[in-house]
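Content type mmCIF, C-alpha atoms, from the file data.cif:
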```cif
data_final
loop_
_atom_site.label_atom_id
_atom_site.label_comp_id
_atom_site.auth_asym_id
_atom_site.auth_seq_id
_atom_site.Cartn_x
_atom_site.Cartn_y
_atom_site.Cartn_z
CA MET A 983 22.71 28.10 30.97
CA GLY A 984 20.33 28.20 27.98
CA LYS A 985 19.81 25.67 25.24
CA PRO A 986 22.31 25.74 22.35
CA PRO A 987 20.91 27.63 19.31
CA PHE A 988 20.38 25.98 15.95
CA HIS A 989 19.20 27.61 12.74
CA LEU A 990 17.69 25.56 9.90
CA LEU A 991 17.07 27.08 6.45
CA LEU A 992 14.44 25.47 4.19
CA THR A 993 14.62 26.39 0.50
CA CYS A 994 11.66 26.32 -1.92
CA ALA A 995 9.60 26.05 1.26
CA GLY A 996 6.23 25.33 -0.39
CA ARG A 997 3.63 23.50 1.66
CA LYS A 998 5.52 20.90 3.73
CA VAL A 999 4.14 22.12 7.06
CA SER A 1000 4.09 18.60 8.54
CA LEU A 1001 7.84 18.33 8.03
CA VAL A 1002 8.39 21.71 9.70
CA ASN A 1003 6.47 20.47 12.73
CA GLN A 1004 8.55 17.28 12.84
CA PHE A 1005 11.75 19.33 12.81
CA ARG A 1006 10.38 21.38 15.70
CA GLN A 1007 9.71 18.18 17.62
CA ALA A 1008 13.28 17.06 16.85
CA PHE A 1009 14.59 20.31 18.34
CA ASP A 1010 12.66 19.54 21.53
CA ASP A 1011 13.92 15.93 21.59
CA LEU A 1012 17.52 17.14 21.28
CA ASP A 1013 16.98 19.97 23.80
CA ILE A 1014 18.03 22.56 21.23
CA ASP A 1015 16.80 26.12 20.82
CA GLY A 1016 15.91 25.61 17.16
CA ARG A 1017 14.75 28.26 14.72
CA ILE A 1018 13.42 27.57 11.22
CA ILE A 1019 13.94 30.04 8.39
CA GLY A 1020 11.94 29.57 5.19
CA VAL A 1021 12.65 31.07 1.78
CA ASP A 1022 10.59 30.97 -1.38
CA SER A 1023 10.11 33.05 -4.51
CA SER A 1024 6.43 33.53 -3.65
CA SER A 1025 4.72 34.76 -0.49
CA HIS A 1026 1.90 32.27 -1.18
CA SER A 1027 3.69 29.47 0.65
CA ALA A 1028 2.15 27.73 3.64
CA VAL A 1029 5.57 27.03 5.16
CA LEU A 1030 6.62 30.68 5.05
CA SER A 1031 3.65 31.53 7.25
CA VAL A 1032 4.66 29.03 9.97
CA CYS A 1033 8.44 29.56 10.04
CA ASP A 1034 10.19 31.63 12.69
CA LYS A 1035 11.61 33.89 9.97
CA SER A 1036 10.76 34.01 6.27
CA TYR A 1037 12.07 35.75 3.16
CA ILE A 1038 10.97 36.20 -0.43
CA ILE A 1039 14.02 35.57 -2.58
CA PRO A 1040 14.79 35.31 -6.33
CA ARG A 1041 14.00 32.15 -8.25
CA CYS A 1042 16.68 29.48 -8.29
CA ASP A 1043 17.59 30.23 -11.92
CA HIS A 1044 18.39 33.88 -11.05
CA PRO A 1045 22.08 34.85 -10.68
CA ALA A 1046 21.33 36.29 -7.22
CA TYR A 1047 19.87 33.04 -5.86
CA VAL A 1048 23.01 31.56 -4.28
CA PRO A 1049 24.40 34.93 -3.07
CA THR A 1050 21.03 35.63 -1.43
CA LEU A 1051 20.98 32.25 0.32
CA LEU A 1052 24.55 32.82 1.50
CA ASP A 1053 23.53 36.24 2.82
CA VAL A 1054 20.65 34.66 4.80
CA CYS A 1055 22.98 31.93 6.11
CA GLU A 1056 25.57 34.43 7.30
CA ARG A 1057 22.99 36.83 8.73
CA HIS A 1058 21.34 34.11 10.84
CA ARG A 1059 24.37 31.84 11.37
CA VAL A 1060 22.51 28.98 9.69
CA GLN A 1061 23.98 25.56 10.53
CA LEU A 1062 21.84 23.52 8.13
CA LEU A 1063 20.30 24.17 4.71
CA LEU A 1064 17.74 21.65 3.44
CA PRO A 1065 16.09 21.82 0.00
CA LEU A 1066 12.49 20.60 -0.11
CA ILE A 1067 11.90 20.08 -3.84
CA ASP A 1068 13.92 19.37 -6.98
CA VAL A 1069 14.25 22.75 -8.64
CA ASP A 1070 17.34 24.10 -6.85
CA LEU A 1071 19.23 20.83 -6.29
CA LEU A 1072 21.71 21.30 -9.13
CA VAL A 1073 22.63 24.85 -8.19
CA LEU A 1074 22.96 23.95 -4.49
CA ALA A 1075 25.11 20.92 -5.31
CA GLU A 1076 27.33 23.08 -7.48
CA HIS A 1077 27.93 25.54 -4.62
CA ARG A 1078 28.12 23.18 -1.61
CA ALA A 1079 31.66 24.33 -0.82
CA ARG A 1080 30.59 27.99 -0.61
CA PHE A 1081 27.99 27.13 2.00
CA ARG A 1082 30.52 25.05 3.91
CA GLU A 1083 32.86 28.06 3.96
CA ALA A 1084 29.99 30.11 5.42
CA GLY A 1085 29.56 27.54 8.22
CA THR A 1086 26.42 25.96 6.74
CA VAL A 1087 25.93 22.28 5.94
CA ALA A 1088 24.02 22.15 2.66
CA MET A 1089 22.26 18.77 2.98
CA VAL A 1090 22.49 17.90 -0.70
CA SER A 1091 24.42 15.27 -2.62
CA SER A 1092 27.46 16.05 -4.80
CA LEU A 1093 26.96 17.55 -8.25
CA PRO A 1094 27.73 14.26 -10.07
CA VAL A 1095 25.15 12.41 -7.95
CA VAL A 1096 22.47 15.09 -8.37
CA SER A 1097 23.16 15.16 -12.11
CA ILE A 1098 22.56 11.40 -12.31
CA CYS A 1099 19.25 11.70 -10.50
CA ARG A 1100 17.86 14.87 -12.10
CA ASP A 1101 18.15 13.54 -15.67
CA LYS A 1102 16.03 10.40 -16.04
CA GLU A 1103 17.98 9.16 -19.06
CA THR A 1104 21.19 9.42 -17.03
CA THR A 1105 19.45 7.63 -14.15
CA ALA A 1106 18.57 4.77 -16.50
CA ARG A 1107 22.21 4.49 -17.60
CA PHE A 1108 23.31 4.48 -13.95
CA PHE A 1109 20.97 1.55 -13.26
CA GLU A 1110 22.26 -0.38 -16.25
CA ASP A 1111 25.96 0.36 -15.59
CA ASN A 1112 25.64 -0.78 -11.97
CA ASN A 1113 23.54 -3.91 -12.58
CA ILE A 1114 20.57 -2.42 -10.73
CA PRO A 1115 17.32 -4.03 -11.93
CA THR A 1116 15.16 -1.52 -13.77
CA VAL A 1117 12.62 -1.10 -16.57
CA SER A 1118 13.70 -0.93 -20.22
CA ASN A 1119 14.10 2.33 -22.07
CA LEU A 1120 12.34 2.32 -25.44
CA ALA A 1121 13.21 3.98 -28.72
CA ILE A 1122 10.40 6.22 -29.94
CA GLU A 1123 10.64 4.84 -33.48
CA ASP A 1124 10.43 1.24 -32.24
CA VAL A 1125 7.17 2.04 -30.47
CA ARG A 1126 5.82 3.97 -33.44
CA ASN A 1127 6.66 1.11 -35.80
CA GLY A 1128 4.80 -1.40 -33.63
CA ASP A 1129 7.93 -3.28 -32.55
CA VAL A 1130 6.98 -2.74 -28.90
CA PRO A 1131 3.51 -3.58 -27.56
CA TYR A 1132 1.37 -1.06 -25.71
CA PRO A 1133 0.98 0.16 -23.04
CA VAL A 1134 4.22 2.10 -22.61
CA PHE A 1135 5.15 4.87 -20.20
CA ILE A 1136 6.14 8.41 -21.15
CA LYS A 1137 7.72 11.05 -18.89
CA PRO A 1138 10.01 14.07 -19.19
CA ALA A 1139 13.71 13.23 -18.94
CA ASN A 1140 14.07 16.12 -16.48
CA GLY A 1141 10.69 15.76 -14.80
CA SER A 1142 9.69 16.15 -11.17
CA GLY A 1143 6.81 15.18 -8.93
CA SER A 1144 5.12 12.85 -11.47
CA GLN A 1145 4.30 15.84 -13.68
CA HIS A 1146 3.72 14.98 -17.36
CA ALA A 1147 4.09 11.25 -16.68
CA TYR A 1148 1.48 9.13 -18.44
CA LYS A 1149 0.50 5.62 -19.45
CA VAL A 1150 0.24 5.46 -23.25
CA GLN A 1151 -2.29 2.98 -24.64
CA ASN A 1152 -2.02 3.37 -28.42
CA ARG A 1153 -0.41 5.19 -31.36
CA GLU A 1154 -2.86 8.08 -31.24
CA GLU A 1155 -2.03 8.76 -27.57
CA LEU A 1156 1.68 8.36 -28.30
CA ASP A 1157 1.62 11.03 -31.02
CA PHE A 1158 -0.27 13.39 -28.72
CA PHE A 1159 1.97 12.93 -25.67
CA LEU A 1160 5.17 13.21 -27.73
CA ARG A 1161 4.00 16.72 -28.65
CA TYR A 1162 2.71 17.53 -25.16
CA VAL A 1163 5.41 16.17 -22.80
CA PRO A 1164 8.58 18.28 -22.63
CA ARG A 1165 11.78 16.36 -23.53
CA PRO A 1166 9.90 13.03 -23.61
CA MET A 1167 11.39 9.61 -22.95
CA LEU A 1168 9.65 6.25 -23.28
CA GLN A 1169 9.96 3.27 -20.97
CA GLU A 1170 8.47 -0.16 -20.55
CA PHE A 1171 5.25 0.08 -18.56
CA ALA A 1172 6.08 -1.40 -15.15
CA THR A 1173 3.59 -3.81 -13.61
CA GLY A 1174 3.20 -4.91 -10.03
CA GLN A 1175 3.06 -2.87 -6.83
CA GLU A 1176 4.79 0.50 -6.78
CA TYR A 1177 6.76 1.54 -3.69
CA THR A 1178 8.50 4.70 -2.58
CA VAL A 1179 11.52 4.27 -0.32
CA ASP A 1180 12.62 7.08 2.01
CA VAL A 1181 16.40 6.74 2.37
CA LEU A 1182 18.75 8.67 4.65
CA CYS A 1183 22.52 8.73 4.11
CA ASP A 1184 25.02 10.45 6.38
CA LEU A 1185 27.68 12.94 5.32
CA ASP A 1186 30.08 10.03 4.67
CA ARG A 1187 27.51 8.49 2.28
CA ARG A 1188 26.64 5.59 4.62
CA VAL A 1189 23.03 4.44 4.53
CA ILE A 1190 21.36 5.13 7.87
CA ASN A 1191 17.88 3.79 7.11
CA ALA A 1192 15.51 2.93 4.26
CA VAL A 1193 11.73 2.88 4.70
CA PRO A 1194 9.50 1.48 1.92
CA ARG A 1195 5.95 2.74 1.76
CA ARG A 1196 2.98 2.19 -0.53
CA ARG A 1197 0.94 5.07 -1.84
CA LEU A 1198 -2.71 4.21 -1.26
CA GLU A 1199 -3.98 7.49 -2.67
CA VAL A 1200 -2.36 10.42 -4.44
CA ARG A 1201 -3.74 13.94 -4.75
CA ALA A 1202 -2.12 16.72 -6.78
CA GLY A 1203 0.91 14.51 -7.38
CA GLU A 1204 1.62 13.90 -3.69
CA ILE A 1205 0.72 11.04 -1.37
CA SER A 1206 -2.45 11.58 0.68
CA LYS A 1207 -2.82 8.03 2.06
CA GLY A 1208 0.00 5.57 2.56
CA VAL A 1209 1.40 2.72 4.62
CA THR A 1210 4.92 1.59 5.55
CA CYS A 1211 6.06 -1.88 4.46
CA LYS A 1212 8.98 -3.67 6.10
CA ASP A 1213 9.82 -5.71 3.01
CA TRP A 1214 13.46 -6.75 3.31
CA ARG A 1215 13.75 -7.50 -0.42
CA ILE A 1216 13.07 -3.82 -1.12
CA ILE A 1217 15.19 -2.59 1.79
CA ARG A 1218 18.26 -4.64 0.84
CA ALA A 1219 17.98 -3.75 -2.85
CA THR A 1220 17.58 -0.05 -2.02
CA VAL A 1221 20.57 -0.06 0.33
CA ASP A 1222 22.65 -1.62 -2.45
CA LEU A 1223 21.47 1.10 -4.86
CA ALA A 1224 22.25 3.88 -2.36
CA ASN A 1225 25.72 2.49 -1.68
CA LYS A 1226 26.49 2.48 -5.40
CA LEU A 1227 25.10 5.99 -5.85
CA GLY A 1228 26.99 7.58 -2.95
CA GLY A 1229 24.35 10.14 -2.02
CA VAL A 1230 24.20 12.43 1.00
CA GLY A 1231 21.16 13.23 3.12
CA PRO A 1232 17.62 12.26 2.09
CA LEU A 1233 16.92 10.27 -1.07
CA THR A 1234 13.53 9.24 -2.42
CA VAL A 1235 13.61 6.07 -4.53
CA GLN A 1236 10.82 4.62 -6.68
CA CYS A 1237 10.53 0.92 -7.47
CA PHE A 1238 8.08 -1.78 -8.53
CA VAL A 1239 7.74 -5.28 -7.11
CA SER A 1240 6.46 -7.71 -9.73
CA ASP A 1241 3.42 -9.93 -9.23
CA ASP A 1242 5.16 -13.08 -10.46
CA ALA A 1243 6.64 -15.86 -8.33
CA ASP A 1244 10.09 -14.30 -7.87
CA ALA A 1245 8.61 -10.91 -6.81
CA SER A 1246 11.56 -9.08 -8.33
CA VAL A 1247 12.31 -5.45 -7.41
CA ARG A 1248 12.87 -3.03 -10.30
CA PHE A 1249 13.86 0.61 -9.79
CA THR A 1250 12.60 3.51 -11.91
CA GLU A 1251 13.69 6.80 -10.31
CA ILE A 1252 15.89 8.42 -7.66
CA ASN A 1253 15.12 11.89 -6.29
CA PRO A 1254 17.98 13.24 -4.15
CA ARG A 1255 15.83 15.14 -1.64
CA VAL A 1256 13.04 14.59 0.89
CA GLY A 1257 9.89 12.97 -0.45
CA GLY A 1258 6.39 14.33 -0.06
CA GLY A 1259 5.45 11.32 2.08
CA LEU A 1260 8.49 11.47 4.39
CA PRO A 1261 6.35 12.53 7.39
CA LEU A 1262 4.83 9.01 7.32
CA SER A 1263 8.25 7.36 7.67
CA VAL A 1264 9.18 9.80 10.45
CA ALA A 1265 5.95 9.07 12.31
CA ALA A 1266 6.67 5.33 11.93
CA GLY A 1267 9.91 5.75 13.88
CA ALA A 1268 12.54 6.70 11.27
CA ASN A 1269 13.31 10.08 12.81
CA TYR A 1270 15.15 11.65 9.89
CA PRO A 1271 14.81 15.27 11.12
CA LYS A 1272 16.56 14.36 14.37
CA GLN A 1273 19.32 12.48 12.55
CA ILE A 1274 19.81 15.27 9.99
CA ILE A 1275 20.22 17.84 12.76
CA ARG A 1276 22.74 15.60 14.52
CA MET A 1277 24.70 15.26 11.27
CA ALA A 1278 24.86 19.06 10.93
CA LEU A 1279 26.16 19.22 14.51
CA GLY A 1280 29.00 16.86 13.56
CA GLN A 1281 27.68 13.91 15.56
CA SER A 1282 28.17 10.33 14.37
CA ILE A 1283 24.98 8.48 13.44
CA THR A 1284 24.71 4.72 13.90
CA PRO A 1285 22.83 3.03 11.03
CA TYR A 1286 19.49 1.58 12.11
CA ILE A 1287 18.29 0.02 8.86
CA GLY A 1288 14.86 -1.55 9.22
CA ASP A 1289 14.10 0.18 12.52
CA PHE A 1290 10.59 1.51 11.89
CA ALA A 1291 7.02 0.36 12.44
CA ASP A 1292 5.62 -1.96 9.79
CA GLU A 1293 2.11 -1.36 8.40
CA PHE A 1294 1.96 2.14 9.85
CA TYR A 1295 -0.66 4.25 8.07
CA MET A 1296 -1.01 7.90 7.17
CA PHE A 1297 -4.32 9.51 6.21
CA ARG A 1298 -3.85 13.15 5.25
CA TYR A 1299 -6.67 15.64 5.27
CA GLU A 1300 -7.01 19.24 4.14
CA GLU A 1301 -5.79 21.73 6.69
CA GLY A 1302 -5.35 25.44 6.03
CA VAL A 1303 -2.86 28.04 7.13
CA TYR A 1304 -4.83 31.26 7.59
CA VAL A 1305 -2.93 34.49 7.17
CA PRO A 1306 -4.08 38.13 6.89
CA GLY A 1307 -2.87 39.86 3.76
CA ALA A 1308 -0.87 42.35 5.79
CA SER A 1309 1.25 39.50 7.16
CA LEU A 1310 2.15 38.38 3.65
CA GLN A 1311 3.15 41.93 2.78
CA ASP A 1312 5.38 41.97 5.85
CA ILE A 1313 7.54 39.05 4.62
CA PRO A 1314 10.72 40.86 3.60
CA GLN A 1315 12.23 40.65 0.15
CA CYS A 1316 15.82 39.47 0.25
CA ARG A 1317 18.26 39.75 -2.64
CA ALA A 1318 22.02 39.92 -2.42
CA ALA A 1319 23.68 42.71 -4.33
#
```

Entire entry expressed as structure tokens:
Amino acid sequence: MGKPPFHLLLTCAGRKVSLVNQFRQAFDDLDIDGRIIGVDSSSHSAVLSVCDKSYIIPRCDHPAYVPTLLDVCERHRVQLLLPLIDVDLLVLAEHRARFREAGTVAMVSSLPVVSICRDKETTARFFEDNNIPTVSNLAIEDVRNGDVPYPVFIKPANGSGSQHAYKVQNREELDFFLRYVPRPMLQEFATGQEYTVDVLCDLDRRVINAVPRRRLEVRAGEISKGVTCKDWRIIRATVDLANKLGGVGPLTVQCFVSDDADASVRFTEINPRVGGGLPLSVAAGANYPKQIIRMALGQSITPYIGDFADEFYMFRYEEGVYVPGASLQDIPQCRAA
């Protein structure tokens, strides 16, 4: 008797090859005949070149996006769909029930939760309404009039991946960035040590684990060197946040720990998807790919909060995926009628 089959679909596949390899290891650990299907709007995706099956599909803002994903899910009997970046979270959350009807678990939070996280102004209101410590939002005119001291922080209200997020030192920089940053919002400039927390919640919105990590070096907006930190102040505060949010699947939470005597934790962002540095947390013992697969199979997951290796380091290096042009041309286009 052969191994049971399992098909995983990764959307907006991009370059997260390390995560693909960790899912493959999870298939082996669970003794499953796993297959990974990658989809992207461009053939120039490292992940597409290492998946078992790949498709070029319309962009997520195209009317055919969801029908095309559903077609792929039905064609390959996909049990689990996992988004890898922010861009399609809202549309996937809106259509979770359609994927469920097709027999696919779309590992994405509900539309209200995703809406809270994808709009940074709404995230700030969620923090305030739920007594979650955070940084202060600033009125643009107050900063312009000198009522708030510099530096301040500017970012897009609907931003992603630290794009267009800047420290603003003076009025001249403020005027420039207000013109340059799309849909800008201003916040107090947070001081202290920044942490990213990789959170996993099950399908019943219970927190399974939360792994804080420090970014030691960032390249192209993504962590290249990092270390896990078993700081229970951060873990407990993040679990409280996640319980109040009610998310499903992976969450990536940003916070700062102040340098003063009370070492307070203040949160700045929530991204309801896997983080770019998740492979570090997985390597440190928080085996999220294995737990996510088990969730899709309907198995109950026992929370294991704090079960990971402390001070576990990751040092990324450049590694290429080498593909002849003919292979890229062979990736089929897929678009539902």

task: Determine the residue membership of the PyMOL selection byres ((chain A and resi 1074) around 10) for the file above and supply it as a VMD selection string.
output: chain A and resid 1042 1047 to 1048 1051 1063 to 1065 1069 to 1073 1075 to 1081 1088 to 1093 1096

statement: Taken to one decimal, the CA of Gln1151 in chain A-CA of Cys1099 in chain A distance is 27.2 Å

task: Carefully work through the PyMOL selection byres ((chain A and resi 1247) around 10) for this structure and note down the residues it includes, as an MDAnalysis selection string.
output: chainID A and resid 1114:1116 1174:1177 1215:1216 1219:1220 1237:1240 1244:1246 1248:1249

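Considering all atoms listed in the file, the residue among A:Asp1034, A:Tyr1162, A:Glu1110, A:Phe1171 positioned nearest to Pro1131 in chain A is A:Phe1171.
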
query: Hey, can you check how far CA of Gly1228 in chain A sits from CA of Cys1183 in chain A?
result: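 About the pair CA of Gly1228 in chain A and CA of Cys1183 in chain A: they are 8.4 Å apart.
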
Taking a cut-off of 7 Å and counting all atoms listed in the file, can you build a table that, for each residue of range 1108-1213 of chain A near range 1274-1295 of chain A, reports the nearest atom pair and how far apart they are in Å (one decimal), sorted by chain then residue number, as CSV?
```
residue,atom,partner,partner_atom,distance
A:Asp1184,CA,A:Met1277,CA,6.9
A:Val1189,CA,A:Pro1285,CA,6.7
A:Ile1190,CA,A:Pro1285,CA,4.1
A:Asn1191,CA,A:Ile1287,CA,4.2
A:Ala1192,CA,A:Ile1287,CA,6.1
A:Gly1208,CA,A:Tyr1295,CA,5.7
A:Val1209,CA,A:Tyr1295,CA,4.3
A:Thr1210,CA,A:Glu1293,CA,5.0
A:Cys1211,CA,A:Asp1292,CA,5.3
A:Lys1212,CA,A:Asp1292,CA,5.3
```

How would you write as a tab-separated table (two decimals) with C-alpha atoms, in the frame of the given file the residues that get within 12 Å of (14.3, 43.2, 7.2) in the file's frame, counting all atoms listed in the file?
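Listed below is the output, selection_8.tsv:
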```
chain	number	residue	atom	x	y	z
A	1035	LYS	CA	11.61	33.89	9.97
A	1036	SER	CA	10.76	34.01	6.27
A	1037	TYR	CA	12.07	35.75	3.16
A	1038	ILE	CA	10.97	36.20	-0.43
A	1054	VAL	CA	20.65	34.66	4.80
A	1057	ARG	CA	22.99	36.83	8.73
A	1312	ASP	CA	5.38	41.97	5.85
A	1313	ILE	CA	7.54	39.05	4.62
A	1314	PRO	CA	10.72	40.86	3.60
A	1315	GLN	CA	12.23	40.65	0.15
A	1316	CYS	CA	15.82	39.47	0.25
A	1317	ARG	CA	18.26	39.75	-2.64
```

message: Please list as a ChimeraX atom specification every residue within 10 Å of Ile1019 in chain A, counting all atoms listed in the file and excluding residues in the same chain fewer than 2 positions away.
response: /A:989-993,995,1017,1021,1029-1030,1032-1037,1054-1055,1058,1060,1063

message: So the first atom is CA of Leu1185 in chain A and the second is CA of Gly1229 in chain A; what is the distance between them in Å, to one decimal place?
response: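 For CA of Leu1185 in chain A relative to CA of Gly1229 in chain A, the distance reads 8.5 Å.
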
task: Name the residues that the PyMOL selection byres ((chain A and resi 1296-1308) around 12) pulls out of this structure, and write them as a ChimeraX atom specification.
output: /A:997-1000,1025-1033,1195-1201,1204-1210,1258-1266,1293-1295,1309-1314

message: Set the distance at 12 Å and use all atoms listed in the file: which residues neighbour Asp1157 in chain A once local chain neighbours fewer than 5 positions away are removed? I'd like the list as a list of chain:residue names.
response: A:Ile1122, A:Glu1123, A:Val1125, A:Arg1126, A:Ile1136, A:Val1150, A:Gln1151, A:Asn1152, A:Tyr1162, A:Val1163, A:Pro1166

task: Compile the contact shell of range 1002-1011 of chain A as an NGL selection string: residues with an atom at most 6 Å away, counting all atoms listed in the file, same-chain residues fewer than 4 positions apart removed.
output: :A and (1016 or 1271-1272)

Let me know the centre plus edge lengths, in Å and rounded to one decimal, of a box with edges along x, y and z that contains all listed atoms of range 1128-1131 of chain A and is padded by 3 Å on every side, as lines of an AutoDock Vina configuration file.
```
center_x = 5.7
center_y = -2.5
center_z = -30.6
size_x = 10.4
size_y = 8.2
size_z = 12.1
```

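Protein, DNA and RNA residues at most 10 Å from (18.3, 8.7, -13.2), with only C-alpha atoms, are these: Val1095, Val1096, Ser1097, Ile1098, Cys1099, Arg1100, Asp1101, Lys1102, Glu1103, Thr1104, Thr1105, Ala1106, Arg1107, Phe1108, Phe1109, Ala1139, Asn1140, Phe1249, Thr1250, Glu1251, Ile1252 and Asn1253 of chain A.
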
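Of the listed residues (A:Val1130, A:Leu1062, A:Val1256, A:Leu1182), A:Val1130 comes nearest to Arg1153 in chain A; the distances count only C-alpha atoms.
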
- prompt: Which is closer to Asp1053 in chain A than all the others in A:Gln1169, A:Leu1156, A:Ile1039, A:Asn1113, using all atoms listed in the file?
  reply: A:Ile1039

field: Nearest residue to Ala1046 in chain A from the set A:Ala1318, A:Ala1268, A:Cys994, A:Gln1145 (distances using all atoms listed in the file)
entry: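 Smallest distance to Ala1046 in chain A is found for A:Ala1318.
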